[in-house]
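Text of entry26.txt (compact mmCIF, C-alpha atoms) as supplied:
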# COMPACT_ATOMS: atom_id res chain seq x y z
CA MET A 76 0.00 0.00 0.00
CA ASN A 77 2.87 2.37 0.79
CA GLU A 78 4.27 1.87 -2.72
CA VAL A 79 0.84 2.73 -4.21
CA ILE A 80 0.81 6.03 -2.32
CA GLN A 81 4.39 6.69 -3.43
CA ILE A 82 3.38 6.16 -7.07
CA GLN A 83 0.26 8.32 -6.69
CA ASN A 84 2.45 11.17 -5.47
CA LEU A 85 4.50 10.93 -8.67
CA ILE A 86 1.54 11.35 -11.02
CA TYR A 87 0.91 14.89 -12.26
CA THR A 88 -1.72 16.44 -14.49
CA ILE A 89 -0.16 18.29 -17.41
CA ARG A 90 -2.05 19.33 -20.55
CA ASN A 91 -5.09 17.63 -19.03
CA LYS A 92 -3.27 14.28 -19.01
CA LYS A 93 -2.09 12.20 -16.09
CA VAL A 94 1.66 11.78 -16.54
CA MET A 95 4.85 10.73 -14.79
CA LEU A 96 8.30 12.30 -15.14
CA ASP A 97 11.14 10.43 -16.81
CA ARG A 98 13.22 10.90 -13.63
CA ASP A 99 10.61 9.33 -11.40
CA LEU A 100 10.12 6.40 -13.76
CA ALA A 101 13.88 5.88 -14.00
CA GLN A 102 14.07 5.74 -10.23
CA LEU A 103 11.17 3.29 -10.01
CA TYR A 104 12.66 1.12 -12.77
CA ASP A 105 16.10 1.36 -11.13
CA VAL A 106 17.85 2.69 -14.24
CA PRO A 107 19.71 5.96 -14.85
CA VAL A 108 17.60 8.73 -16.42
CA LYS A 109 20.09 8.93 -19.25
CA SER A 110 19.61 5.22 -20.04
CA LEU A 111 15.84 5.54 -19.95
CA ASN A 112 15.89 8.51 -22.33
CA GLN A 113 18.38 6.79 -24.67
CA ALA A 114 16.09 3.75 -24.86
CA VAL A 115 13.19 6.03 -25.71
CA LYS A 116 15.18 7.87 -28.41
CA ARG A 117 16.28 4.56 -29.97
CA ASN A 118 12.61 3.54 -30.14
CA ILE A 119 11.00 6.94 -30.72
CA GLU A 120 8.46 5.51 -33.20
CA ARG A 121 6.85 3.69 -30.24
CA PHE A 122 6.20 6.96 -28.41
CA PRO A 123 3.71 9.19 -30.20
CA GLU A 124 2.71 12.53 -28.64
CA ASP A 125 -0.17 10.93 -26.67
CA PHE A 126 2.31 8.48 -25.06
CA MET A 127 5.15 10.87 -24.26
CA PHE A 128 6.07 14.51 -24.68
CA ARG A 129 8.73 16.93 -23.50
CA LEU A 130 7.61 19.62 -21.08
CA THR A 131 7.85 23.25 -22.15
CA GLN A 132 10.08 25.47 -20.02
CA GLU A 133 6.97 27.11 -18.50
CA GLU A 134 5.37 23.75 -17.66
CA TRP A 135 8.63 22.59 -16.11
CA GLU A 136 8.97 25.75 -13.99
CA ASN A 137 5.40 25.36 -12.72
CA LEU A 138 5.85 21.69 -11.97
CA ARG A 139 9.24 22.23 -10.35
CA SER A 140 7.77 24.72 -7.89
CA GLN A 141 5.07 22.18 -6.98
CA ILE A 142 7.61 19.40 -6.50
CA VAL A 143 9.91 21.52 -4.36
CA THR A 144 6.95 22.65 -2.25
CA ALA A 145 5.86 19.05 -1.77
CA ASN A 146 9.32 17.57 -1.25
CA THR A 147 12.20 19.76 -0.14
CA SER A 148 14.71 16.91 -0.42
CA VAL A 149 14.45 16.86 -4.23
CA SER A 150 17.34 18.56 -6.03
CA LEU A 151 15.98 19.85 -9.32
CA SER A 152 18.47 22.64 -9.95
CA LYS A 153 20.95 20.33 -11.74
CA ILE A 154 18.52 19.41 -14.53
CA ARG A 155 19.68 20.95 -17.82
CA PHE A 156 16.83 19.87 -20.11
CA THR A 157 13.12 19.86 -19.56
CA PRO A 158 12.05 16.30 -18.80
CA PHE A 159 9.96 13.93 -20.83
CA VAL A 160 6.67 12.90 -19.31
CA PHE A 161 4.86 9.66 -20.02
CA THR A 162 1.14 8.92 -20.07
CA GLN A 163 -0.24 5.57 -18.98
CA ASN A 164 0.24 4.17 -22.49
CA GLY A 165 3.77 5.55 -22.64
CA ILE A 166 4.62 3.90 -19.34
CA LEU A 167 3.44 0.56 -20.66
CA MET A 168 5.49 1.02 -23.84
CA LEU A 169 8.49 2.07 -21.76
CA ALA A 170 8.44 -1.25 -19.93
CA ASN A 171 8.60 -3.02 -23.30
CA VAL A 172 11.52 -0.86 -24.44
CA LEU A 173 13.53 -1.28 -21.22
CA ASN A 174 12.71 -4.99 -21.15
CA SER A 175 13.83 -5.68 -17.60
CA GLN A 176 11.85 -7.62 -15.02
CA ARG A 177 11.93 -4.62 -12.67
CA ALA A 178 10.51 -2.33 -15.39
CA ILE A 179 7.77 -4.81 -16.21
CA ASN A 180 6.76 -5.27 -12.55
CA MET A 181 6.79 -1.53 -11.82
CA SER A 182 4.80 -0.78 -14.97
CA ILE A 183 2.10 -3.21 -13.89
CA GLN A 184 1.90 -1.48 -10.50
CA ILE A 185 1.86 1.98 -12.09
CA ILE A 186 -0.91 1.00 -14.52
CA ARG A 187 -2.96 -0.31 -11.58
CA VAL A 188 -2.52 3.02 -9.77
CA PHE A 189 -3.63 4.92 -12.89
CA GLU A 190 -6.71 2.69 -13.06
CA GLN A 191 -7.49 3.29 -9.37
CA LEU A 192 -7.24 7.05 -9.92
CA ARG A 193 -9.54 6.81 -12.94
CA GLN A 194 -12.08 4.77 -10.94
CA PHE A 195 -11.91 7.21 -8.01
CA ALA A 196 -12.52 10.16 -10.34
CA PHE A 197 -15.44 8.36 -11.98
CA GLU A 198 -17.02 7.49 -8.63
CA ASN A 199 -16.68 11.06 -7.36
CA GLN A 200 -18.18 12.35 -10.59
CA GLU A 201 -21.19 10.07 -10.07
CA ILE A 202 -21.56 11.17 -6.43
CA SER A 203 -21.32 14.82 -7.43
CA LYS A 204 -23.91 14.35 -10.18
CA ARG A 205 -26.30 12.61 -7.80
CA LEU A 206 -25.90 15.29 -5.12
CA THR A 207 -26.62 17.97 -7.73
CA GLU A 208 -29.80 16.11 -8.72
CA ILE A 209 -30.84 15.95 -5.05
CA GLU A 210 -30.12 19.68 -4.68
CA HIS A 211 -32.35 20.52 -7.65
CA TYR A 212 -35.10 18.28 -6.33
CA LEU A 213 -34.95 19.92 -2.92
CA ILE A 214 -35.04 23.41 -4.38
CA ALA A 215 -38.12 22.48 -6.40
CA HIS A 216 -40.01 20.71 -3.58
CA VAL A 217 -39.03 22.11 -0.20
CA LYS A 218 -39.23 25.90 -0.57
CA ASP A 219 -41.64 26.45 2.31
CA ASN A 220 -39.81 24.59 5.06
CA LYS A 221 -36.56 26.60 5.40
CA VAL A 222 -35.42 25.05 8.68
CA GLU A 223 -35.66 21.50 7.35
CA PHE A 224 -34.14 22.60 4.08
CA LYS A 225 -31.16 24.13 5.89
CA ARG A 226 -30.67 20.89 7.85
CA VAL A 227 -30.70 18.83 4.65
CA TYR A 228 -28.13 21.16 3.06
CA GLU A 229 -25.89 20.94 6.09
CA THR A 230 -26.03 17.15 5.81
CA LEU A 231 -25.28 17.31 2.08
CA ASN A 232 -22.35 19.62 2.74
CA LEU A 233 -20.96 17.16 5.28
CA LEU A 234 -21.22 14.41 2.66
CA MET A 235 -19.53 16.63 0.08
CA ASP A 236 -16.70 17.38 2.54
CA ARG A 237 -16.00 13.66 2.72
CA THR A 238 -15.83 13.20 -1.05
CA LYS A 239 -14.31 16.44 -2.37
CA PRO A 240 -13.34 19.88 -1.14
CA SER A 241 -16.10 21.98 -2.70
CA LYS A 242 -19.38 22.59 -0.91
CA ILE A 243 -22.87 23.03 -2.25
CA GLY A 244 -23.70 26.71 -2.15
CA PHE A 245 -26.91 27.69 -0.40
CA VAL A 246 -28.01 30.77 1.48
CA VAL A 247 -31.01 30.59 3.79
CA GLU A 248 -32.64 33.83 4.77
CA ASP A 249 -33.18 34.07 8.49
CA SER A 250 -36.90 34.65 9.03
CA ASN A 251 -36.25 35.88 12.59
CA LYS A 252 -34.65 39.13 11.39
Reformat the file's structure so that it appears as structure tokens.
Amino acid sequence: MNEVIQIQNLIYTIRNKKVMLDRDLAQLYDVPVKSLNQAVKRNIERFPEDFMFRLTQEEWENLRSQIVTANTSVSLSKIRFTPFVFTQNGILMLANVLNSQRAINMSIQIIRVFEQLRQFAFENQEISKRLTEIEHYLIAHVKDNKVEFKRVYETLNLLMDRTKPSKIGFVVEDSNK
């Protein structure tokens, strides 16, 4: 389980894609970054743009500030070139290119983590959609009973707090004023 959390912390969203840095993959696969990138360059036809791409300088600066904020032990100042990042498909292809047992095993674990993240996002999307439907129903059917309505919204907000950070917005006018 600890390794799953470690992998989750190495997945970033860039250009609306979930990706991992070449450096992080090299560390997980127990190969030098230079070797990983050489293997990719020798097999570049296996890595189309939706499998792998190089970060722009701006993307790298933004990501670097996030990484340093999250982990102060990371030394990123020595990196001369912007890194490659790999999508889930690129990670799978990378295991085939590196062709080591460690790379294959780690790729399987990484793909499972990507799938768990996708499932979690889907489930939260369904919960959010259902709560929005409930909100609309309540607005349409419970206008007269403001005290009960407020209690229901407080309960919904507690549920939302458990699933995601945003709350349902609702303002109840105080009839005692």
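The shortest atom-to-atom distance to A:Thr131, with only C-alpha atoms taken into account, belongs to A:Thr157 out of A:Gln102, A:Asn180, A:Thr157, A:Thr88.
Between atom CA of A:Leu167 and atom CA of A:Asp105 there is a distance of 15.9 Å.
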Polymer residues at most 9 Å from (2.9, 6.2, -8.5) by only C-alpha atoms, as a PyMOL selection string: chain A and resi 78-86+95+99-100+103+184-186+188-189
How many Å lie between atom CA of A:Arg139 and atom CA of A:Phe126, rounded to one decimal? 21.3 Å
Calculate, to one decimal in Å, the centre and edge lengths of the box along x, y and z of the file that holds all listed atoms of stretch 99-115 of chain A with 3 Å of margin on each side, and present them as lines of an AutoDock Vina configuration file.
center_x = 15.1
center_y = 5.2
center_z = -17.9
size_x = 16.0
size_y = 14.2
size_z = 21.7
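Atom CA of A:Ala114 lies 21.9 Å from atom CA of A:Lys93.
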Between A:Asn199, A:Ser182, A:Ala170, A:Leu231, which has the minimum distance to A:Arg121 (counting all atoms listed in the file)? A:Ala170
With a distance cut-off of 12 Å and all atoms listed in the file, select the neighbouring residues of A:Asn137, excluding the residue or stretch itself and same-chain residues fewer than 5 positions from it, and output the selection as number ranges by chain. A: 87-89, 130-132, 142-144, 157
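Closest approach to A:Asn171 among A:Arg98, A:His211, A:Glu134, A:Ile183: A:Ile183, based on all atoms listed in the file.
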For A:Thr162, work out the shell of residues within 6 Å, counting all atoms listed in the file and skipping chain neighbours fewer than 2 positions away, then give it as an MDAnalysis selection string. chainID A and resid 94 126 164:165
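Using all atoms listed in the file for every distance, the candidate list A:Val106, A:Leu192, A:Val115, A:Ile179 yields A:Val115 as the residue closest to A:Phe161.
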Nearby residues, (19.7, 16.8, -23.1) file frame, 12 Å, all atoms listed in the file, as a PyMOL selection string: chain A and resi 108-110+112-113+116+129+153-159
